[in-house]
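Asks: Pasting work_16.cif below, which is mmCIF, C-alpha atoms.
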data_my_file
#
loop_
_atom_site.group_PDB
_atom_site.id
_atom_site.type_symbol
_atom_site.label_atom_id
_atom_site.label_comp_id
_atom_site.auth_asym_id
_atom_site.auth_seq_id
_atom_site.Cartn_x
_atom_site.Cartn_y
_atom_site.Cartn_z
ATOM 1 C CA MET A 603 0.000 0.000 0.000
ATOM 2 C CA THR A 604 1.125 3.557 -0.745
ATOM 3 C CA TYR A 605 0.890 5.710 2.351
ATOM 4 C CA ASP A 606 0.755 9.006 0.461
ATOM 5 C CA TYR A 607 -1.038 12.261 1.293
ATOM 6 C CA GLU A 608 -4.241 11.115 -0.435
ATOM 7 C CA TRP A 609 -4.293 8.038 1.823
ATOM 8 C CA PHE A 610 -3.519 10.227 4.840
ATOM 9 C CA LYS A 611 -6.435 12.585 4.137
ATOM 10 C CA LYS A 612 -8.854 9.639 4.124
ATOM 11 C CA GLN A 613 -7.488 8.407 7.459
ATOM 12 C CA VAL A 614 -7.798 11.887 9.002
ATOM 13 C CA LEU A 615 -11.414 12.122 7.814
ATOM 14 C CA ALA A 616 -12.212 8.757 9.409
ATOM 15 C CA ILE A 617 -10.504 9.629 12.714
ATOM 16 C CA THR A 618 -11.428 13.307 13.146
ATOM 17 C CA THR A 619 -14.269 13.949 10.595
ATOM 18 C CA ILE A 620 -12.111 16.846 9.290
ATOM 19 C CA ASN A 621 -12.131 16.847 5.488
ATOM 20 C CA LEU A 622 -8.686 18.005 4.343
ATOM 21 C CA ASP A 623 -9.926 18.093 0.731
ATOM 22 C CA LYS A 624 -11.611 21.381 1.660
ATOM 23 C CA TYR A 625 -8.310 23.008 2.693
ATOM 24 C CA LYS A 626 -5.691 24.465 0.354
ATOM 25 C CA GLU A 627 -3.510 21.427 -0.286
ATOM 26 C CA LYS A 628 0.022 22.851 -0.626
ATOM 27 C CA GLN A 629 -0.357 24.983 2.491
ATOM 28 C CA MET A 630 -1.916 22.241 4.635
ATOM 29 C CA LYS A 631 0.386 19.453 3.458
ATOM 30 C CA ARG A 632 3.404 21.603 4.283
ATOM 31 C CA ARG A 633 2.067 22.252 7.792
ATOM 32 C CA ILE A 634 1.341 18.575 8.397
ATOM 33 C CA ASP A 635 4.726 17.446 7.079
ATOM 34 C CA THR A 636 6.377 19.952 9.431
ATOM 35 C CA LEU A 637 4.418 18.610 12.402
ATOM 36 C CA ILE A 638 5.268 14.986 11.589
ATOM 37 C CA SER A 639 8.945 15.878 11.221
ATOM 38 C CA LYS A 640 8.898 17.816 14.488
ATOM 39 C CA HIS A 641 7.655 14.759 16.371
ATOM 40 C CA LYS A 642 10.225 12.543 14.635
ATOM 41 C CA VAL A 643 7.590 10.195 13.239
ATOM 42 C CA ASP A 644 8.479 8.063 10.224
ATOM 43 C CA GLY A 645 5.811 8.709 7.597
ATOM 44 C CA TYR A 646 2.047 9.204 7.368
ATOM 45 C CA ASP A 647 1.198 5.623 8.369
ATOM 46 C CA SER A 648 3.142 5.872 11.630
ATOM 47 C CA PHE A 649 1.596 9.245 12.402
ATOM 48 C CA VAL A 650 -1.905 7.853 11.846
ATOM 49 C CA GLU A 651 -1.170 5.044 14.307
ATOM 50 C CA LEU A 652 0.124 7.619 16.805
ATOM 51 C CA ILE A 653 -2.997 9.816 16.727
ATOM 52 C CA LYS A 654 -5.200 6.717 16.982
ATOM 53 C CA LYS A 655 -3.483 5.658 20.220
ATOM 54 C CA ASP A 656 -2.534 8.984 21.824
ATOM 55 C CA LYS A 657 -5.459 11.311 22.606
ATOM 56 C CA ASP A 658 -3.166 14.210 23.563
ATOM 57 C CA MET A 659 -1.355 13.918 20.246
ATOM 58 C CA LEU A 660 -4.704 13.782 18.441
ATOM 59 C CA ASN A 661 -5.812 17.017 20.160
ATOM 60 C CA THR A 662 -2.452 18.614 19.342
ATOM 61 C CA PHE A 663 -2.898 17.612 15.715
ATOM 62 C CA ILE A 664 -6.440 19.043 15.501
ATOM 63 C CA ALA A 665 -5.311 22.289 17.144
ATOM 64 C CA TYR A 666 -2.444 22.481 14.652
ATOM 65 C CA LEU A 667 -4.800 21.894 11.711
ATOM 66 C CA THR A 668 -7.216 24.592 12.792
ATOM 67 C CA ILE A 669 -4.521 27.282 13.135
ATOM 68 C CA ASN A 670 -5.720 29.134 16.222
ATOM 69 C CA VAL A 671 -4.352 32.627 15.757
ATOM 70 C CA SER A 672 -6.547 35.195 17.436
ATOM 71 C CA GLU A 673 -6.470 38.351 19.540
ATOM 72 C CA PHE A 674 -8.919 40.801 21.067
ATOM 73 C CA PHE A 675 -10.029 43.689 18.810
ATOM 74 C CA ARG A 676 -7.928 42.340 15.938
ATOM 75 C CA ASN A 677 -7.741 45.013 13.200
ATOM 76 C CA LYS A 678 -8.978 47.678 15.591
ATOM 77 C CA GLU A 679 -10.249 50.098 12.935
ATOM 78 C CA GLN A 680 -12.741 47.478 11.711
ATOM 79 C CA TRP A 681 -14.162 47.100 15.224
ATOM 80 C CA GLU A 682 -14.405 50.895 15.470
ATOM 81 C CA LEU A 683 -16.497 50.829 12.302
ATOM 82 C CA MET A 684 -18.637 48.093 13.865
ATOM 83 C CA ASP A 685 -19.077 50.214 16.999
ATOM 84 C CA LYS A 686 -19.918 53.482 15.245
ATOM 85 C CA ASN A 687 -21.845 52.326 12.179
ATOM 86 C CA MET A 688 -22.812 48.667 12.059
ATOM 87 C CA VAL A 689 -24.146 48.131 15.582
ATOM 88 C CA PRO A 690 -26.433 51.207 15.443
ATOM 89 C CA THR A 691 -27.755 49.939 12.092
ATOM 90 C CA LEU A 692 -28.381 46.457 13.515
ATOM 91 C CA ILE A 693 -30.120 47.898 16.584
ATOM 92 C CA SER A 694 -32.267 50.070 14.306
ATOM 93 C CA ASN A 695 -33.241 46.988 12.279
ATOM 94 C CA PHE A 696 -33.687 44.427 15.054
ATOM 95 C CA GLY A 697 -33.750 46.156 18.447
ATOM 96 C CA LYS A 698 -31.261 45.453 21.233
ATOM 97 C CA LYS A 699 -31.784 41.682 21.534
ATOM 98 C CA LEU A 700 -29.456 40.757 18.699
ATOM 99 C CA LYS A 701 -28.808 37.168 17.625
ATOM 100 C CA ILE A 702 -25.045 36.941 17.084
ATOM 101 C CA TRP A 703 -22.866 34.032 15.958
ATOM 102 C CA SER A 704 -19.063 34.048 16.211
ATOM 103 C CA ALA A 705 -18.118 31.261 13.802
ATOM 104 C CA ALA A 706 -14.655 29.654 14.097
ATOM 105 C CA CYS A 707 -14.244 31.518 17.384
ATOM 106 C CA SER A 708 -10.869 29.969 18.285
ATOM 107 C CA THR A 709 -9.830 30.783 21.875
ATOM 108 C CA GLY A 710 -12.685 33.180 22.581
ATOM 109 C CA ASP A 711 -10.985 36.495 21.825
ATOM 110 C CA GLU A 712 -13.527 37.376 19.151
ATOM 111 C CA PRO A 713 -16.833 36.590 20.905
ATOM 112 C CA TYR A 714 -15.610 38.304 24.073
ATOM 113 C CA THR A 715 -14.623 41.321 21.948
ATOM 114 C CA ILE A 716 -18.163 41.382 20.552
ATOM 115 C CA VAL A 717 -19.694 41.341 24.047
ATOM 116 C CA MET A 718 -17.417 44.114 25.347
ATOM 117 C CA MET A 719 -18.127 46.271 22.315
ATOM 118 C CA LEU A 720 -21.900 45.723 22.563
ATOM 119 C CA SER A 721 -21.812 46.577 26.284
ATOM 120 C CA LYS A 722 -21.376 50.209 25.187
ATOM 121 C CA HIS A 723 -24.750 50.039 23.426
ATOM 122 C CA MET A 724 -26.937 47.891 25.676
ATOM 123 C CA PRO A 725 -27.073 46.217 29.097
ATOM 124 C CA LEU A 726 -24.942 43.089 29.378
ATOM 125 C CA ASN A 727 -27.942 40.956 30.316
ATOM 126 C CA GLN A 728 -29.410 41.621 26.860
ATOM 127 C CA ILE A 729 -26.332 40.308 25.039
ATOM 128 C CA GLN A 730 -26.007 36.678 23.984
ATOM 129 C CA VAL A 731 -23.402 35.343 21.548
ATOM 130 C CA LEU A 732 -23.171 31.829 20.122
ATOM 131 C CA ALA A 733 -19.509 30.913 19.565
ATOM 132 C CA THR A 734 -18.469 27.777 17.660
ATOM 133 C CA ASP A 735 -15.195 26.136 16.727
ATOM 134 C CA ILE A 736 -14.016 22.741 15.521
ATOM 135 C CA ASP A 737 -11.209 22.561 18.118
ATOM 136 C CA VAL A 738 -12.263 21.454 21.622
ATOM 137 C CA THR A 739 -8.879 22.520 23.045
ATOM 138 C CA ALA A 740 -9.435 26.080 21.806
ATOM 139 C CA ILE A 741 -12.958 26.056 23.233
ATOM 140 C CA ALA A 742 -11.611 24.905 26.620
ATOM 141 C CA LYS A 743 -9.217 27.873 26.660
ATOM 142 C CA ALA A 744 -12.052 30.188 25.642
ATOM 143 C CA LYS A 745 -14.233 28.967 28.504
ATOM 144 C CA ALA A 746 -11.363 29.469 30.971
ATOM 145 C CA GLY A 747 -11.003 33.070 29.760
ATOM 146 C CA ILE A 748 -7.334 33.497 30.738
ATOM 147 C CA TYR A 749 -5.032 35.365 28.364
ATOM 148 C CA GLU A 750 -1.482 36.632 27.937
ATOM 149 C CA GLU A 751 -0.917 40.383 28.001
ATOM 150 C CA LYS A 752 -0.073 40.487 24.287
ATOM 151 C CA GLU A 753 -3.437 38.869 23.457
ATOM 152 C CA ILE A 754 -5.365 41.726 25.067
ATOM 153 C CA SER A 755 -3.026 44.550 23.999
ATOM 154 C CA ASN A 756 -5.673 46.046 21.653
ATOM 155 C CA VAL A 757 -8.411 46.138 24.303
ATOM 156 C CA PRO A 758 -9.240 49.782 25.133
ATOM 157 C CA GLU A 759 -7.962 50.750 28.582
ATOM 158 C CA ASP A 760 -11.421 51.448 30.006
ATOM 159 C CA LEU A 761 -12.658 47.992 28.991
ATOM 160 C CA LYS A 762 -9.445 46.352 30.205
ATOM 161 C CA LYS A 763 -9.866 47.883 33.635
ATOM 162 C CA LYS A 764 -13.543 47.061 33.760
ATOM 163 C CA TYR A 765 -13.541 43.475 32.516
ATOM 164 C CA PHE A 766 -10.105 41.956 33.208
ATOM 165 C CA THR A 767 -8.340 40.971 36.430
ATOM 166 C CA LYS A 768 -4.539 40.719 36.375
ATOM 167 C CA ASP A 769 -2.983 37.635 37.965
ATOM 168 C CA GLY A 770 0.804 37.688 37.599
ATOM 169 C CA HIS A 771 1.509 37.959 33.867
ATOM 170 C CA LEU A 772 -1.969 36.664 32.946
ATOM 171 C CA TYR A 773 -5.321 38.381 32.592
ATOM 172 C CA LYS A 774 -8.665 36.770 33.447
ATOM 173 C CA ILE A 775 -11.819 38.018 31.797
ATOM 174 C CA SER A 776 -14.777 38.709 34.077
ATOM 175 C CA ASP A 777 -17.562 36.197 34.626
ATOM 176 C CA GLU A 778 -20.120 38.801 33.562
ATOM 177 C CA ILE A 779 -18.561 38.842 30.075
ATOM 178 C CA LYS A 780 -18.057 35.059 29.976
ATOM 179 C CA SER A 781 -21.685 34.434 30.903
ATOM 180 C CA ARG A 782 -22.876 36.181 27.730
ATOM 181 C CA VAL A 783 -21.195 33.639 25.414
ATOM 182 C CA THR A 784 -22.293 30.058 24.731
ATOM 183 C CA PHE A 785 -19.505 27.905 23.289
ATOM 184 C CA LYS A 786 -20.194 24.838 21.137
ATOM 185 C CA LYS A 787 -18.101 22.503 18.984
ATOM 186 C CA ALA A 788 -19.052 22.766 15.310
ATOM 187 C CA ASP A 789 -17.434 22.192 11.924
ATOM 188 C CA LEU A 790 -18.305 24.830 9.306
ATOM 189 C CA LEU A 791 -17.672 22.296 6.555
ATOM 190 C CA LYS A 792 -20.151 19.657 7.661
ATOM 191 C CA ASP A 793 -22.407 20.600 10.588
ATOM 192 C CA PRO A 794 -25.834 22.302 10.266
ATOM 193 C CA TYR A 795 -25.832 26.096 10.540
ATOM 194 C CA PRO A 796 -28.088 28.009 12.952
ATOM 195 C CA THR A 797 -30.721 30.260 11.379
ATOM 196 C CA ASP A 798 -32.173 33.774 11.583
ATOM 197 C CA TYR A 799 -29.018 35.446 12.903
ATOM 198 C CA HIS A 800 -28.646 39.217 12.825
ATOM 199 C CA LEU A 801 -24.846 39.253 12.832
ATOM 200 C CA ILE A 802 -22.357 36.537 11.879
ATOM 201 C CA VAL A 803 -18.671 37.170 12.548
ATOM 202 C CA CYS A 804 -16.190 34.858 10.821
ATOM 203 C CA ARG A 805 -12.734 36.354 10.352
ATOM 204 C CA ASN A 806 -9.336 35.151 9.121
ATOM 205 C CA VAL A 807 -10.465 31.553 8.662
ATOM 206 C CA MET A 808 -11.507 31.296 5.017
ATOM 207 C CA ILE A 809 -7.976 31.940 3.790
ATOM 208 C CA TYR A 810 -7.161 28.289 4.582
ATOM 209 C CA PHE A 811 -10.012 26.798 2.517
ATOM 210 C CA THR A 812 -10.297 25.980 -1.178
ATOM 211 C CA GLU A 813 -12.356 28.315 -3.389
ATOM 212 C CA GLU A 814 -15.119 25.687 -3.558
ATOM 213 C CA ALA A 815 -15.263 25.372 0.238
ATOM 214 C CA LYS A 816 -15.322 29.167 0.658
ATOM 215 C CA ASP A 817 -18.230 29.490 -1.759
ATOM 216 C CA GLU A 818 -20.157 26.767 0.071
ATOM 217 C CA ILE A 819 -19.595 28.412 3.484
ATOM 218 C CA TYR A 820 -20.481 31.934 2.327
ATOM 219 C CA ARG A 821 -23.726 30.634 0.824
ATOM 220 C CA LYS A 822 -24.549 28.886 4.102
ATOM 221 C CA PHE A 823 -23.800 32.090 6.035
ATOM 222 C CA TYR A 824 -26.168 33.945 3.712
ATOM 223 C CA ALA A 825 -28.899 31.378 4.406
ATOM 224 C CA ALA A 826 -28.200 31.610 8.174
ATOM 225 C CA LEU A 827 -28.766 35.387 8.258
ATOM 226 C CA SER A 828 -32.068 37.145 8.772
ATOM 227 C CA SER A 829 -33.102 39.682 6.158
ATOM 228 C CA LYS A 830 -31.103 42.876 6.919
ATOM 229 C CA GLY A 831 -28.559 40.764 8.791
ATOM 230 C CA MET A 832 -24.822 41.261 8.377
ATOM 231 C CA LEU A 833 -21.675 39.163 7.859
ATOM 232 C CA PHE A 834 -18.326 40.497 9.151
ATOM 233 C CA ILE A 835 -15.225 38.882 7.581
ATOM 234 C CA GLY A 836 -11.458 39.254 8.029
ATOM 235 C CA SER A 837 -9.066 41.873 6.691
ATOM 236 C CA THR A 838 -7.330 39.381 4.382
ATOM 237 C CA GLU A 839 -10.586 38.073 2.908
ATOM 238 C CA GLN A 840 -13.138 39.090 0.324
ATOM 239 C CA ILE A 841 -16.237 37.542 -1.220
ATOM 240 C CA ILE A 842 -15.564 37.759 -4.945
ATOM 241 C CA ASN A 843 -19.028 36.589 -6.010
ATOM 242 C CA TYR A 844 -21.003 38.334 -3.243
ATOM 243 C CA LYS A 845 -23.608 39.700 -5.691
ATOM 244 C CA GLU A 846 -24.217 36.241 -7.129
ATOM 245 C CA ILE A 847 -24.799 34.866 -3.618
ATOM 246 C CA GLY A 848 -27.184 37.732 -2.828
ATOM 247 C CA PHE A 849 -25.096 39.898 -0.505
ATOM 248 C CA GLU A 850 -24.863 43.683 -0.644
ATOM 249 C CA ARG A 851 -21.473 45.133 0.240
ATOM 250 C CA ALA A 852 -21.829 47.515 3.166
ATOM 251 C CA ASN A 853 -18.075 48.067 3.530
ATOM 252 C CA SER A 854 -14.815 46.271 2.644
ATOM 253 C CA PHE A 855 -15.378 43.611 5.320
ATOM 254 C CA TYR A 856 -19.128 43.857 5.956
ATOM 255 C CA TYR A 857 -21.735 42.199 3.760
ATOM 256 C CA GLY A 858 -25.482 42.628 4.259
ATOM 257 C CA LYS A 859 -28.409 40.407 3.358
ATOM 258 C CA PRO A 860 -31.203 42.497 1.770
#
As a first step, turn the structure in this file into structure tokens.
Replies:
Amino acid sequence: MTYDYEWFKKQVLAITTINLDKYKEKQMKRRIDTLISKHKVDGYDSFVELIKKDKDMLNTFIAYLTINVSEFFRNKEQWELMDKNMVPTLISNFGKKLKIWSAACSTGDEPYTIVMMLSKHMPLNQIQVLATDIDVTAIAKAKAGIYEEKEISNVPEDLKKKYFTKDGHLYKISDEIKSRVTFKKADLLKDPYPTDYHLIVCRNVMIYFTEEAKDEIYRKFYAALSSKGMLFIGSTEQIINYKEIGFERANSFYYGKP
């Protein structure tokens, strides 16, 4: 038998349900080869046996695949636009009980950013964010709500003082912010999407997917939005065929559903 990358992708799908065919192949194969080399494993077949037997290694592998790079208020100017323009528009359209989904939420930086930003517009007890990610290790960190100083460096000082407690070199986010977010494991490529959402935030994730996978996900996001709802994407992303899908472009990184 030839234990090549095609064989490996099938094994990964069977073990993790992650479909590597949906990811850009050169980029992902290079990352996986680097990981296998780092752990001094001899070939794809040996690595498959390792992740079958070793749960910690399996979790490490999934975390590595899902590329958890996140920070609070990432690309600050885009969040300022959200604060000044998009949130008032959403409140005008839907009132203050907004249905919000942070898709591919990683370690929680993004959904907690959303809650802190919305707290300037409405009482905390009116805010509820659904946050999903494929990586249970990232979700565990998100639920713990403990971050390095560099991860919260973009948080405005007033919000930092109000919602974070310093413990040594770490910062713990307040329970009142944590309580406004519900975390769930979900795979954007295969699991059902929630419906009738007013705002979907999914940033800096699509760059890892094939064009076909991106198109599929953007269409599902469109279907998941209420009329007049909004999708917020990352600074390195764009929806080339947004008009064909049905979106209206509200700004470089904001797309509305008529």
Asks: Please provide the set of residues having any atom within 9 Å of Asp606 of chain A, restricted to only C-alpha atoms, with same-chain residues fewer than 4 positions apart removed, written as a list in words.
Replies: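 The residues satisfying every condition are Phe610, Lys611, Gly645, Tyr646 and Asp647 of chain A.
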Asks: What do you get, as a list of chain:residue names, if you spell out every residue that the PyMOL selection byres ((chain A and resi 712) around 10) selects here?
Replies: A:Ser672, A:Glu673, A:Phe674, A:Phe675, A:Arg676, A:Ser704, A:Ala705, A:Ala706, A:Cys707, A:Ser708, A:Thr709, A:Gly710, A:Asp711, A:Pro713, A:Tyr714, A:Thr715, A:Ile716, A:Val717, A:Met718, A:Ala733, A:Ala744, A:Val803, A:Cys804, A:Arg805
Asks: Calculate how many Å separate atom CA of Ile634 of chain A from atom CA of Leu667 of chain A, rounding to one decimal.
Replies: 7.7 Å
Asks: Could you tell me how far atom CA of Lys845 of chain A sits from atom CA of Glu814 of chain A, in Å to one decimal place?
Replies: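 Answer for the atom CA of Glu814 of chain A to atom CA of Lys845 of chain A separation: 16.5 Å.
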Asks: With a distance cut-off of 10 Å and all atoms listed in the file, select the neighbouring residues of segment 780-789 of chain A, excluding the residue or stretch itself and same-chain residues fewer than 2 positions from it, and output the selection as a VMD selection string.
Replies: chain A and resid 619 to 621 702 to 707 710 713 to 714 716 to 718 726 to 738 740 to 742 744 to 747 765 775 to 778 791 to 795
Asks: For a test of reading the model, state the distance in Å between atom CA of Lys624 of chain A and atom CA of Thr812 of chain A, rounded to one decimal.
Replies: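 Taking atom CA of Lys624 of chain A and atom CA of Thr812 of chain A, their separation equals 5.6 Å.
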Asks: Hey, can I get the axis-aligned box for segment 823-834 of chain A? All listed atoms, 6 Å padding on each side, centre and edge lengths in Å to one decimal, as JSON.
Replies:
{"center_x": -25.7, "center_y": 37.1, "center_z": 6.4, "size_x": 26.8, "size_y": 23.5, "size_z": 17.4}
Asks: Could you tell me which residues the PyMOL selection byres ((chain A and resi 688-691) around 12) returns for this structure, as a short mmCIF file (atom, residue, chain, number, x, y, z; two decimals) with C-alpha atoms, in the coordinates of the input?
Replies:
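Just written: selection-v7.cif:
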data_model
loop_
_atom_site.label_atom_id
_atom_site.label_comp_id
_atom_site.auth_asym_id
_atom_site.auth_seq_id
_atom_site.Cartn_x
_atom_site.Cartn_y
_atom_site.Cartn_z
CA GLN A 680 -12.74 47.48 11.71
CA TRP A 681 -14.16 47.10 15.22
CA GLU A 682 -14.40 50.90 15.47
CA LEU A 683 -16.50 50.83 12.30
CA MET A 684 -18.64 48.09 13.86
CA ASP A 685 -19.08 50.21 17.00
CA LYS A 686 -19.92 53.48 15.24
CA ASN A 687 -21.84 52.33 12.18
CA LEU A 692 -28.38 46.46 13.52
CA ILE A 693 -30.12 47.90 16.58
CA SER A 694 -32.27 50.07 14.31
CA ASN A 695 -33.24 46.99 12.28
CA PHE A 696 -33.69 44.43 15.05
CA GLY A 697 -33.75 46.16 18.45
CA LYS A 698 -31.26 45.45 21.23
CA LYS A 699 -31.78 41.68 21.53
CA LEU A 700 -29.46 40.76 18.70
CA ILE A 702 -25.04 36.94 17.08
CA ILE A 716 -18.16 41.38 20.55
CA VAL A 717 -19.69 41.34 24.05
CA MET A 719 -18.13 46.27 22.32
CA LEU A 720 -21.90 45.72 22.56
CA SER A 721 -21.81 46.58 26.28
CA LYS A 722 -21.38 50.21 25.19
CA HIS A 723 -24.75 50.04 23.43
CA MET A 724 -26.94 47.89 25.68
CA HIS A 800 -28.65 39.22 12.82
CA LEU A 801 -24.85 39.25 12.83
CA LYS A 830 -31.10 42.88 6.92
CA GLY A 831 -28.56 40.76 8.79
CA MET A 832 -24.82 41.26 8.38
CA LEU A 833 -21.68 39.16 7.86
CA PHE A 834 -18.33 40.50 9.15
CA ALA A 852 -21.83 47.52 3.17
CA ASN A 853 -18.08 48.07 3.53
CA PHE A 855 -15.38 43.61 5.32
CA TYR A 856 -19.13 43.86 5.96
CA TYR A 857 -21.74 42.20 3.76
CA GLY A 858 -25.48 42.63 4.26
#
Asks: Give the answer as one residue: which of A:Ile819, A:Val650, A:Ile802, A:Ile847 has the shortest atom-to-atom distance to Ile835 of chain A, using all atoms listed in the file?
Replies: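 So, comparing all the options, the nearest one is A:Ile802.
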Asks: Looking at all atoms listed in the file, which of A:Ala815, A:Asn843, A:Leu827, A:Leu660 is the one that sits closest to Thr797 of chain A?
Replies: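 Looking only at the distances to Thr797 of chain A, the closest residue turns out to be A:Leu827.
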Asks: Starting from the shown file, work through the PyMOL selection byres ((chain A and resi 627) around 12) and note down what comes out as a ChimeraX atom specification.
Replies: /A:607-608,611,621-626,628-635,810-813
Asks: May I have the protein, DNA and RNA residues with an atom at most 7 Å from (-27.4, 38.7, 1.1), counting all atoms listed in the file in the file's coordinates, returned as a list in words?
Replies: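 So the residues meeting the distance criterion are Tyr824, Ile847, Gly848, Phe849, Glu850, Gly858, Lys859 and Pro860 of chain A.
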Asks: Can you pull out the residues contacting His771 of chain A? Cut-off 10 Å, using all atoms listed in the file, and skip same-chain residues under 2 positions away; I want them as an MDAnalysis selection string.
Replies: chainID A and resid 749:751 768:769 773
Asks: Those same residues, written as an mmCIF file, in the coordinates of the input with C-alpha atoms?
Replies:
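Now in result_13.cif:
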data_model
loop_
_atom_site.group_PDB
_atom_site.id
_atom_site.type_symbol
_atom_site.label_atom_id
_atom_site.label_comp_id
_atom_site.auth_asym_id
_atom_site.auth_seq_id
_atom_site.Cartn_x
_atom_site.Cartn_y
_atom_site.Cartn_z
ATOM 1 C CA TYR A 749 -5.032 35.365 28.364
ATOM 2 C CA GLU A 750 -1.482 36.632 27.937
ATOM 3 C CA GLU A 751 -0.917 40.383 28.001
ATOM 4 C CA LYS A 768 -4.539 40.719 36.375
ATOM 5 C CA ASP A 769 -2.983 37.635 37.965
ATOM 6 C CA TYR A 773 -5.321 38.381 32.592
#
Asks: If you count all atoms listed in the file, which residues fall within 10 Å of Thr618 of chain A, apart from same-chain ones fewer than 4 positions away, as a VMD selection string?
Replies: chain A and resid 613 to 614 653 to 654 660 to 661 663 to 664
Asks: Which is closer to Phe823 of chain A than all the others in A:Glu679, A:Asp798, A:Asp658, A:Asp644, using only C-alpha atoms?
Replies: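 Going through A:Glu679, A:Asp798, A:Asp658, A:Asp644 one by one, the smallest distance to Phe823 of chain A is for A:Asp798.
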